[in-house]
Structure formats: C-alpha cells, structure tokens
$ cat run-v4.csv   # CSV, C-alpha atoms
chain,number,residue,atom,x,y,z
A,138,MET,CA,239.2,170.2,-102.3
A,139,MET,CA,237.8,166.9,-103.4
A,140,LEU,CA,239.1,165.2,-100.3
A,141,ILE,CA,237.4,167.8,-98.1
A,142,ALA,CA,234.1,167.1,-99.9
A,143,ILE,CA,234.3,163.3,-99.3
A,144,SER,CA,235.4,163.5,-95.7
A,145,ASN,CA,232.8,163.2,-92.9
A,146,SER,CA,231.6,166.6,-92.0
A,147,LYS,CA,231.4,165.7,-88.3
A,148,TYR,CA,235.3,165.5,-88.2
A,149,ARG,CA,235.9,169.0,-89.4
A,150,ASP,CA,237.1,171.2,-86.6
A,151,GLY,CA,238.4,174.5,-87.9
A,152,ASN,CA,240.9,175.5,-90.4
A,153,THR,CA,243.8,173.6,-88.9
A,154,PHE,CA,242.1,170.2,-89.5
A,155,THR,CA,241.0,171.3,-93.0
A,156,TYR,CA,244.6,172.2,-94.0
A,157,ARG,CA,246.1,169.1,-92.4
A,158,PHE,CA,243.5,166.8,-93.9
A,159,ALA,CA,243.9,168.2,-97.4
A,160,LEU,CA,247.6,167.9,-97.2
A,161,ILE,CA,247.7,164.4,-96.0
A,162,GLY,CA,244.7,163.2,-97.9
A,163,ASN,CA,246.0,164.4,-101.3
A,164,GLY,CA,249.1,162.3,-100.8
A,165,LEU,CA,247.1,159.2,-99.8
A,166,PHE,CA,244.5,159.8,-102.6
A,167,LEU,CA,247.1,159.8,-105.2
A,168,GLY,CA,248.1,156.2,-104.6
A,169,PRO,CA,244.6,154.7,-105.5
A,170,GLN,CA,244.5,157.0,-108.6
A,171,ILE,CA,247.8,155.7,-109.9
A,172,LEU,CA,246.7,152.1,-109.1
A,173,ALA,CA,243.5,152.7,-111.0
A,174,THR,CA,245.2,154.2,-113.9
A,175,TYR,CA,247.7,151.3,-114.4
A,176,PHE,CA,244.9,148.8,-113.8
A,177,LEU,CA,242.7,150.4,-116.4
A,178,THR,CA,245.4,151.0,-119.0
A,179,TYR,CA,247.5,147.9,-118.8
A,180,TRP,CA,245.0,145.3,-117.7
A,181,VAL,CA,241.5,146.2,-118.7
A,182,VAL,CA,242.1,147.7,-122.1
A,183,PRO,CA,244.5,145.0,-123.5
A,184,ARG,CA,242.1,142.2,-122.4
A,185,PHE,CA,239.0,143.9,-123.6
A,186,LEU,CA,240.2,145.3,-127.0
A,187,PHE,CA,242.9,142.8,-128.0
A,188,LYS,CA,242.2,139.5,-126.3
A,189,LYS,CA,238.4,139.8,-126.6
A,190,LYS,CA,237.9,138.4,-123.0
A,191,TYR,CA,234.8,140.5,-122.4
A,192,MET,CA,233.2,138.7,-119.4
A,193,VAL,CA,236.5,138.1,-117.6
A,194,THR,CA,237.5,141.7,-118.1
A,195,LEU,CA,234.2,143.2,-117.0
A,196,THR,CA,234.1,141.0,-113.9
A,197,GLY,CA,237.7,141.9,-113.1
A,198,PHE,CA,237.0,145.6,-113.6
A,199,ILE,CA,234.1,145.6,-111.3
A,200,LEU,CA,235.9,143.7,-108.5
A,201,VAL,CA,239.2,145.6,-108.7
A,202,SER,CA,237.4,149.0,-109.0
A,203,TYR,CA,235.4,148.1,-105.8
A,204,LEU,CA,238.6,147.1,-103.9
A,205,ILE,CA,240.4,150.3,-105.0
A,206,CYS,CA,237.5,152.5,-103.9
A,207,VAL,CA,237.4,150.7,-100.5
A,208,LEU,CA,241.1,151.1,-100.1
A,209,CYS,CA,240.9,154.8,-100.8
A,210,ARG,CA,238.0,155.3,-98.4
A,211,PHE,CA,239.8,153.3,-95.8
A,212,LEU,CA,242.9,155.4,-96.1
A,213,ILE,CA,240.9,158.6,-95.9
A,214,ILE,CA,238.9,157.6,-92.8
A,215,ARG,CA,241.5,155.5,-90.9
A,216,VAL,CA,244.7,157.3,-91.9
A,217,ALA,CA,244.2,160.8,-93.2
A,218,GLU,CA,241.6,162.0,-90.7
A,219,PRO,CA,243.5,160.6,-87.6
A,220,LEU,CA,246.7,162.2,-88.8
A,221,ALA,CA,244.9,165.4,-89.4
A,222,GLY,CA,244.0,165.5,-85.7
A,223,THR,CA,240.6,163.8,-85.5
A,224,SER,CA,240.2,160.2,-84.3
A,225,PRO,CA,237.7,158.0,-86.1
A,226,LYS,CA,234.4,157.7,-84.4
A,227,ALA,CA,232.9,154.3,-83.3
A,228,PHE,CA,230.0,154.6,-85.7
A,229,GLU,CA,232.3,154.7,-88.7
A,230,THR,CA,232.8,150.9,-88.8
A,231,ASN,CA,234.8,148.9,-91.3
A,232,ARG,CA,231.6,147.2,-92.3
A,233,GLU,CA,230.2,150.6,-93.3
A,234,ILE,CA,233.4,151.4,-95.2
A,235,PHE,CA,233.0,148.2,-97.2
A,236,THR,CA,229.2,148.2,-97.7
A,237,ASP,CA,228.3,151.8,-98.4
A,238,LEU,CA,228.1,151.2,-102.1
A,239,PRO,CA,226.4,154.5,-103.1
A,240,LYS,CA,229.2,156.5,-101.6
A,241,LEU,CA,231.9,154.2,-103.0
A,242,LEU,CA,230.3,154.6,-106.5
A,243,TYR,CA,229.2,158.2,-106.7
A,244,VAL,CA,232.0,159.8,-104.7
A,245,TYR,CA,235.1,157.6,-104.7
A,246,PHE,CA,234.8,155.8,-108.0
A,247,PHE,CA,234.3,158.9,-110.2
A,248,SER,CA,236.9,160.8,-108.3
A,249,ILE,CA,239.5,158.1,-108.7
A,250,PHE,CA,238.8,156.8,-112.2
A,251,SER,CA,238.2,160.2,-113.9
A,252,LEU,CA,242.0,160.7,-114.0
A,253,ALA,CA,242.4,157.1,-115.0
A,254,PHE,CA,240.1,157.4,-118.0
A,255,VAL,CA,241.8,160.6,-119.2
A,256,PHE,CA,245.2,158.9,-119.0
A,257,MET,CA,243.8,155.8,-120.7
A,258,PHE,CA,242.5,157.9,-123.6
A,259,ILE,CA,245.8,159.7,-124.0
A,260,LYS,CA,247.7,156.4,-123.9
A,261,LEU,CA,245.5,154.8,-126.5
A,262,LEU,CA,245.8,157.8,-128.8
A,263,LYS,CA,249.6,157.8,-128.4
A,264,ASP,CA,249.7,154.0,-129.1
A,265,GLN,CA,247.6,154.4,-132.2
A,266,LEU,CA,249.8,157.1,-133.6
A,267,ASN,CA,252.9,154.9,-132.9
A,268,ILE,CA,251.3,151.9,-134.6
A,269,GLN,CA,250.4,154.0,-137.6
A,270,LYS,CA,253.9,155.4,-137.7
A,271,HIS,CA,255.4,151.9,-137.4
A,272,THR,CA,253.1,150.6,-140.1
A,273,LEU,CA,254.0,153.4,-142.4
A,274,THR,CA,257.7,152.8,-141.9
A,275,LEU,CA,257.3,149.1,-142.7
A,276,GLU,CA,255.4,150.0,-145.8
A,277,LYS,CA,258.1,152.4,-146.9
A,278,GLN,CA,260.8,149.8,-146.3
A,279,LYS,CA,258.8,147.1,-148.1
A,280,VAL,CA,258.3,149.4,-151.2
A,281,VAL,CA,262.0,150.4,-151.3
A,282,ALA,CA,263.0,146.7,-151.1
A,283,GLU,CA,260.5,145.8,-153.9
A,284,LEU,CA,261.7,148.6,-156.2
A,285,ARG,CA,265.3,147.6,-155.7
A,286,LEU,CA,264.5,144.0,-156.4
A,287,LEU,CA,262.7,145.0,-159.6
A,288,LYS,CA,265.6,147.1,-160.7
A,289,THR,CA,268.1,144.3,-160.1
A,290,GLN,CA,265.8,142.1,-162.2
A,291,LEU,CA,265.6,144.6,-165.0
A,292,ASN,CA,269.2,145.8,-165.4
A,293,PRO,CA,270.8,142.3,-165.8
A,294,HIS,CA,268.0,141.4,-168.2
A,295,PHE,CA,268.8,144.3,-170.4
A,296,LEU,CA,272.6,143.9,-170.1
A,297,PHE,CA,272.4,140.2,-171.0
A,298,ASN,CA,270.6,141.0,-174.2
A,299,THR,CA,272.9,143.9,-175.1
A,300,LEU,CA,276.1,141.9,-174.4
A,301,ASN,CA,274.8,139.1,-176.6
A,302,ASN,CA,274.3,141.6,-179.4
A,303,ILE,CA,277.8,142.9,-179.1
A,304,TYR,CA,279.2,139.4,-178.9
A,305,SER,CA,277.4,138.5,-182.2
A,306,LEU,CA,278.9,141.6,-183.9
A,307,SER,CA,282.4,140.7,-182.6
A,308,LEU,CA,282.1,137.2,-184.0
A,309,MET,CA,281.4,138.7,-187.4
A,310,SER,CA,284.3,141.2,-187.0
A,311,SER,CA,281.7,143.9,-187.8
A,312,PRO,CA,282.9,147.5,-187.9
A,313,ALA,CA,279.9,148.3,-185.8
A,314,THR,CA,281.5,146.6,-182.8
A,315,ALA,CA,283.3,149.7,-181.5
A,316,PRO,CA,280.3,152.1,-181.9
A,317,SER,CA,278.2,149.5,-180.1
A,318,ILE,CA,280.7,149.4,-177.1
A,319,ALA,CA,280.7,153.2,-177.0
A,320,ARG,CA,276.9,153.3,-176.9
A,321,LEU,CA,276.8,150.6,-174.3
A,322,SER,CA,279.3,152.6,-172.2
A,323,GLU,CA,276.9,155.6,-172.2
A,324,ILE,CA,274.0,153.3,-171.3
A,325,LEU,CA,275.8,151.8,-168.4
A,326,ASP,CA,276.8,155.2,-167.2
A,327,HIS,CA,273.2,156.2,-167.1
A,328,ILE,CA,272.0,153.1,-165.4
A,329,LEU,CA,274.8,152.8,-162.8
A,330,TYR,CA,275.2,156.5,-161.9
A,331,ARG,CA,272.1,158.4,-162.8
A,332,CYS,CA,269.3,156.1,-161.9
A,333,ASP,CA,269.8,156.0,-158.1
A,334,GLN,CA,267.0,158.5,-157.6
A,335,GLN,CA,263.3,157.9,-157.7
A,336,VAL,CA,262.9,160.4,-160.6
A,337,VAL,CA,265.3,161.7,-163.3
A,338,PRO,CA,264.9,164.4,-166.0
A,339,LEU,CA,263.1,163.2,-169.0
A,340,SER,CA,265.9,164.4,-171.3
A,341,THR,CA,268.3,161.9,-169.8
A,342,GLU,CA,265.8,159.1,-170.4
A,343,ILE,CA,265.4,160.3,-174.0
A,344,ALA,CA,269.2,160.1,-174.4
A,345,LEU,CA,269.2,156.6,-173.0
A,346,LEU,CA,266.5,155.5,-175.5
A,347,ASP,CA,268.4,157.1,-178.4
A,348,ASN,CA,271.5,155.2,-177.4
A,349,TYR,CA,269.6,152.0,-177.0
A,350,ILE,CA,267.8,152.3,-180.3
A,351,GLY,CA,271.1,153.1,-182.1
A,352,LEU,CA,272.7,150.1,-180.5
A,353,GLU,CA,269.9,147.8,-181.6
A,354,LYS,CA,269.7,149.2,-185.1
A,355,LEU,CA,273.3,148.2,-185.7
A,356,ARG,CA,272.2,144.5,-185.6
A,357,TYR,CA,269.7,144.9,-188.5
A,358,ASP,CA,269.8,146.0,-192.0
A,359,LYS,CA,267.6,148.6,-193.6
A,360,ARG,CA,264.6,146.3,-193.5
A,361,LEU,CA,264.0,147.4,-189.9
A,362,GLN,CA,262.2,150.7,-189.6
A,363,VAL,CA,262.4,152.6,-186.3
A,364,HIS,CA,260.7,155.9,-185.8
A,365,PHE,CA,261.0,157.9,-182.6
A,366,ASN,CA,258.8,161.0,-182.6
A,367,LYS,CA,258.8,163.5,-179.7
A,368,ARG,CA,256.4,166.3,-178.9
A,369,ILE,CA,257.6,167.8,-175.7
A,370,ASP,CA,256.2,171.1,-174.3
A,371,GLN,CA,258.1,171.1,-171.1
A,372,GLU,CA,260.8,169.3,-169.1
A,373,ILE,CA,259.5,166.9,-166.5
A,374,SER,CA,260.9,164.3,-164.2
A,375,ILE,CA,260.0,160.6,-164.5
A,376,ALA,CA,261.0,157.4,-162.8
A,377,PRO,CA,264.0,155.9,-164.6
A,378,LEU,CA,264.1,152.9,-167.0
A,379,LEU,CA,260.4,152.6,-167.4
A,380,MET,CA,260.4,153.5,-171.1
A,381,LEU,CA,263.5,151.4,-171.8
A,382,SER,CA,261.6,148.3,-170.6
A,383,ILE,CA,258.9,149.0,-173.2
A,384,VAL,CA,261.3,149.7,-176.0
A,385,GLU,CA,263.4,146.7,-175.1
A,386,ASN,CA,260.4,144.4,-175.3
A,387,ALA,CA,259.5,145.8,-178.7
A,388,PHE,CA,262.9,144.9,-180.1
A,389,LYS,CA,263.2,141.6,-178.4
A,390,HIS,CA,259.7,140.2,-179.2
A,391,GLY,CA,258.8,142.2,-182.3
A,392,VAL,CA,261.9,142.2,-184.4
A,393,GLY,CA,264.2,139.3,-183.5
A,394,LYS,CA,263.6,136.6,-186.2
A,395,ASP,CA,261.0,138.3,-188.3
A,396,ALA,CA,261.8,137.6,-192.0
A,397,GLY,CA,259.5,140.3,-193.2
A,398,THR,CA,259.8,144.1,-192.8
A,399,PRO,CA,259.6,144.7,-189.1
A,400,PHE,CA,259.0,148.2,-187.7
A,401,ILE,CA,258.8,150.0,-184.4
A,402,ALA,CA,257.0,153.3,-184.0
A,403,ILE,CA,257.7,155.2,-180.8
A,404,ASP,CA,255.8,158.3,-179.9
A,405,MET,CA,256.3,160.5,-176.9
A,406,GLU,CA,254.1,163.5,-176.0
A,407,VAL,CA,254.4,165.8,-173.0
A,408,SER,CA,251.7,168.4,-172.3
A,409,GLU,CA,250.9,170.4,-169.2
A,410,SER,CA,248.7,167.7,-167.7
A,411,LEU,CA,249.7,164.4,-169.4
A,412,PHE,CA,252.7,162.3,-170.3
A,413,ILE,CA,252.0,159.8,-173.1
A,414,PHE,CA,254.5,157.2,-174.3
A,415,LYS,CA,253.3,154.9,-177.1
A,416,VAL,CA,255.2,152.0,-178.7
A,417,VAL,CA,253.8,150.0,-181.6
A,418,ASN,CA,255.7,147.2,-183.2
A,419,SER,CA,255.2,144.4,-185.6
A,420,VAL,CA,254.8,140.9,-184.2
A,421,SER,CA,257.3,138.2,-185.2
A,422,TYR,CA,255.7,135.4,-187.1
A,423,ASN,CA,257.4,132.8,-184.9
A,424,ARG,CA,256.0,134.5,-181.8
A,425,GLY,CA,252.6,135.6,-182.9
A,426,ASN,CA,250.6,132.7,-181.5
A,427,GLN,CA,252.8,132.0,-178.4
A,428,GLU,CA,252.5,133.4,-174.9
A,429,GLY,CA,251.5,137.1,-174.9
A,430,ILE,CA,254.4,139.5,-174.8
A,431,ASN,CA,252.7,141.4,-171.9
A,432,GLU,CA,253.6,138.4,-169.7
A,433,LYS,CA,257.3,138.7,-170.3
A,434,ILE,CA,259.7,139.6,-167.6
A,435,GLY,CA,260.3,143.1,-168.6
A,436,LEU,CA,256.7,144.2,-168.8
A,437,ASN,CA,255.8,142.3,-165.6
A,438,ASN,CA,258.4,144.3,-163.8
A,439,LEU,CA,257.2,147.5,-165.5
A,440,LYS,CA,253.7,147.0,-164.2
A,441,GLN,CA,254.9,146.5,-160.6
A,442,GLN,CA,257.1,149.5,-160.7
A,443,LEU,CA,254.4,151.7,-162.1
A,444,GLN,CA,252.0,150.6,-159.4
A,445,LEU,CA,254.5,151.2,-156.6
A,446,ILE,CA,255.6,154.6,-157.9
A,447,TYR,CA,252.7,156.2,-159.6
A,448,GLY,CA,249.6,154.2,-158.4
A,449,ALA,CA,246.4,155.8,-159.6
A,450,ALA,CA,248.3,158.5,-161.4
A,451,HIS,CA,249.2,156.1,-164.3
A,452,GLN,CA,247.5,154.0,-166.9
A,453,LEU,CA,249.2,151.2,-168.8
A,454,ILE,CA,247.4,149.9,-171.9
A,455,ILE,CA,248.6,146.8,-173.6
A,456,GLU,CA,247.0,145.5,-176.9
A,457,GLN,CA,248.0,142.7,-179.2
A,458,THR,CA,246.7,141.4,-182.5
A,459,ASP,CA,248.1,138.9,-184.9
A,460,GLU,CA,250.2,141.6,-186.6
A,461,LEU,CA,250.8,144.4,-184.1
A,462,PHE,CA,251.7,144.8,-180.4
A,463,LYS,CA,250.9,148.1,-178.7
A,464,VAL,CA,251.9,149.5,-175.3
A,465,ILE,CA,250.6,152.9,-174.2
A,466,LEU,CA,251.8,154.5,-170.9
A,467,GLN,CA,250.0,157.5,-169.6
A,468,ILE,CA,250.9,159.5,-166.5
A,469,ASP,CA,248.7,162.2,-165.1
A,470,LEU,CA,251.1,165.1,-164.4
A,471,THR,CA,248.4,166.9,-162.4
A,472,MET,CA,249.0,164.3,-159.7
A,473,LYS,CA,252.7,164.8,-159.7
A,474,LYS,CA,252.8,166.5,-156.3
A,475,THR,CA,250.8,163.7,-154.8
A,476,TYR,CA,252.9,160.8,-155.9
A,477,GLU,CA,256.2,162.6,-155.4
A,478,GLU,CA,255.2,163.4,-151.8
A,479,ASP,CA,253.5,160.1,-151.2
A,480,THR,CA,255.0,157.8,-148.6
A,481,LEU,CA,255.9,155.3,-151.4
A,482,PHE,CA,258.3,157.9,-152.8
A,483,ILE,CA,261.5,157.5,-150.8
A,484,GLY,CA,264.9,158.7,-152.0
A,485,GLY,CA,267.7,156.2,-152.6
$ encode --input "run-v4.csv" --output "structure tokens"
Amino acid sequence: MMLIAISNSKYRDGNTFTYRFALIGNGLFLGPQILATYFLTYWVVPRFLFKKKYMVTLTGFILVSYLICVLCRFLIIRVAEPLAGTSPKAFETNREIFTDLPKLLYVYFFSIFSLAFVFMFIKLLKDQLNIQKHTLTLEKQKVVAELRLLKTQLNPHFLFNTLNNIYSLSLMSSPATAPSIARLSEILDHILYRCDQQVVPLSTEIALLDNYIGLEKLRYDKRLQVHFNKRIDQEISIAPLLMLSIVENAFKHGVGKDAGTPFIAIDMEVSESLFIFKVVNSVSYNRGNQEGINEKIGLNNLKQQLQLIYGAAHQLIIEQTDELFKVILQIDLTMKKTYEEDTLFIGG
C-alpha cells in the first residue's frame, strides 16, 4: 500500500497495474530498507555512541540517507513501474528524481527509515541486555575467585598454627598430643568436606569452634580462662569459617606470651532478626603497643569475605584498648533472602 501511495498517480491504469506494481515494488523497496537498517545499526550508532565522532557521523548519515532515498525512488520509477506495464514518461527526468528533496524526505525517507529505527532500537536493547548479562557473569566469576583465594589464605594460616601447637606438645611427650590430633582430625573434616558451600548450618560451626577451643586450651594451664556462651533461638545458616577467624586471632594475639592471667570471652546470640558474635580477649603485654590486631592476616581476610558475601547485611566492629581487644560481628537476618539470592552468592 505504501508503494502505491508514493507512485505517480498518472501511471495508474486499472487494477492490473496496481497489483503488478505492488508486487514488484515491494520486492524492490525491501532492498533499500535492509540497506538503511544495516547502515543505521552498524555504522551510524557505533560511531555516534562509542567513537564520539559526531560531525563525521551526522554528515555521513545525511549523505547516505539521501543516496538510499534516491536509489529507492529510482528503482520505483525506472524499474517497478515499467515492469508493472507502464513506461516512464519523459517529464520524469533523472534530475527530478535526484532533486525533488521534499518528496525524498517526507515520502521515501520516513518510509524507508521507520523500519530501520525500529530494528535499531531492538538491536540496542538486545545488546544492552547482553552487556549487562556478560558483566554480571564476570562479576560472579570474580567474586567466586576472590572467595576461593581468601579461603586458601585462611585455611593454611590456621593449619600452620595448629600443627605448630601439636608439634610443641609432641616434643614435650605430652599426654595431650593424642587428643589434640583427634580434635584436629575433626576440624580438618569440617574444613575439607563441609565448607565447600556458601553457607553451612550454624551448629556445625559451633562444633568447629568447640573443637578449636579445646585444642588450644590443651596448650595452656588453668591460668587461661575461656568462656563460650550461646543464646540461640533458632537454627540458621552462615558462611563457614568466619567465626573461626575471629577466635583464632583472639588466641594468637591475645594469649600467646602473656605472663598474666589471659582470658577470652565468646558470646553468640541468635534472634529472629539478628545474629551477634562477640569475642573479647586480653591483650598480650608484648603486643599491646605494636601493630593493631585488626590488621593481621586473618581479620583482613574476614573483612573481605564479609563484604563479598553479606555486603550491607553485616557490621563488623573492632575496638582495641591497652588491655582489651574486642570484635563484634552482626548479621541482619532479615536480609537473609537478599544476600542468599544475590548474584554474589554462587554455589561451589
């Protein structure tokens, strides 16, 4: 119907011409539309949006659009109409085809480029969705790699300290050596076979802490006081090894060579909306004025893991005085669904 409208009315000679002209013209009209679509999508848009060549793009767009419209009009008048049964008249000169700008603009340009603009919009939308999907995939891969790297840093760090403890007991032929190995076996079983998921039941992490505390207490006499208090209203899931990192730092930096009466107080509270894990320990005299414990490897890794896994759903508070060191981890359980379904939370 569009082709009939843009043809010269003097050439219409009954239904036969109209049918033939529409049939032939539609096929010829499709070529300039495809050409305009590819030109607009793959030449104009990339240079205008990405290469920022505004003047060159605008000039090229005007020139090529004019040539495409001229080509389309030439095909309609010089090819479609003669094949439909009407010869071109002498007054329809090539000069008029090239210079009749109002008809080229208002009839041919909008007829040709309307389809091109629709296709361009769909293509841009599809490309944007693909870019977002690709970016999201890269972010997921990056986070998974970072979490794995942090875990490989954490586990050897803990194992190194624990093996040193058992080695010291063995040198003294201590009867506590065998129980220490048994506890270490349970800890390794948890780390190697139960921590390959993003979250694990809180009860398994509590068992891990109990084993670790029992293992560490074997190294010290009764001067070390360790209290582990739990107030748990419900079972929850939590990212593995986070609490172990906090407790490990309390033993390593708050007990080690303290000649006084060191202590570690651990409190865990789980309510319907909040998980709180608090560790307070005395500060070793030989470490009190040195580099802050919060800058140690274990807590640095802890901060990064918490940010990657929980984001805004967590709060980590670290306080240090001359005598005490305190770490408080709070996780907002009302945001549980958000961070478990977040793109950062990927299994494996």
$ residues_around --input "run-v4.csv" --residues "range 310-318 of chain A" --least-positions-apart "2" --cutoff "12 Å" --atoms "all atoms listed in the file" --output "PyMOL selection string"
chain A and resi 299-308+320-325+348-357
$ atom_distance --input "run-v4.csv" --atom1 "CA of Leu378 in chain A" --atom2 "CA of Ser408 in chain A"
20.5 Å
$ atom_distance --input "run-v4.csv" --atom1 "CA of Val407 in chain A" --atom2 "CA of Phe462 in chain A"
22.4 Å
$ atom_distance --input "run-v4.csv" --atom1 "CA of Lys463 in chain A" --atom2 "CA of Ser374 in chain A"
23.9 Å
$ closest_residue --input "run-v4.csv" --among "A:Tyr203, A:His451, A:Gln269, A:Phe256" --to "Pro239 in chain A" --atoms "all atoms listed in the file"
A:Tyr203
$ residues_around --input "run-v4.csv" --residues "range 177-192 of chain A" --least-positions-apart "3" --cutoff "9 Å" --atoms "all atoms listed in the file" --output "PyMOL selection string"
chain A and resi 172-174+195-198+250+253-254+256-258+260-261
$ residues_around --input "run-v4.csv" --residues "Leu346 in chain A" --least-positions-apart "5" --cutoff "8 Å" --atoms "all atoms listed in the file" --output "count of residues only"
3
$ residues_around --input "run-v4.csv" --residues "range 411-419 of chain A" --least-positions-apart "6" --cutoff "10 Å" --atoms "all atoms listed in the file" --output "MDAnalysis selection string"
chainID A and resid 362:369 373 375 380 383:384 386:388 390:392 395 397:405 425 451:472
$ residues_around --input "run-v4.csv" --residues "Pro169 in chain A" --least-positions-apart "4" --cutoff "9 Å" --atoms "all atoms listed in the file" --output "number ranges by chain"
A: 165, 173-174, 205-206, 208-209, 249
$ closest_residue --input "run-v4.csv" --among "A:Asp326, A:Val216, A:Met309, A:Pro377" --to "Pro338 in chain A" --atoms "only C-alpha atoms"
A:Pro377
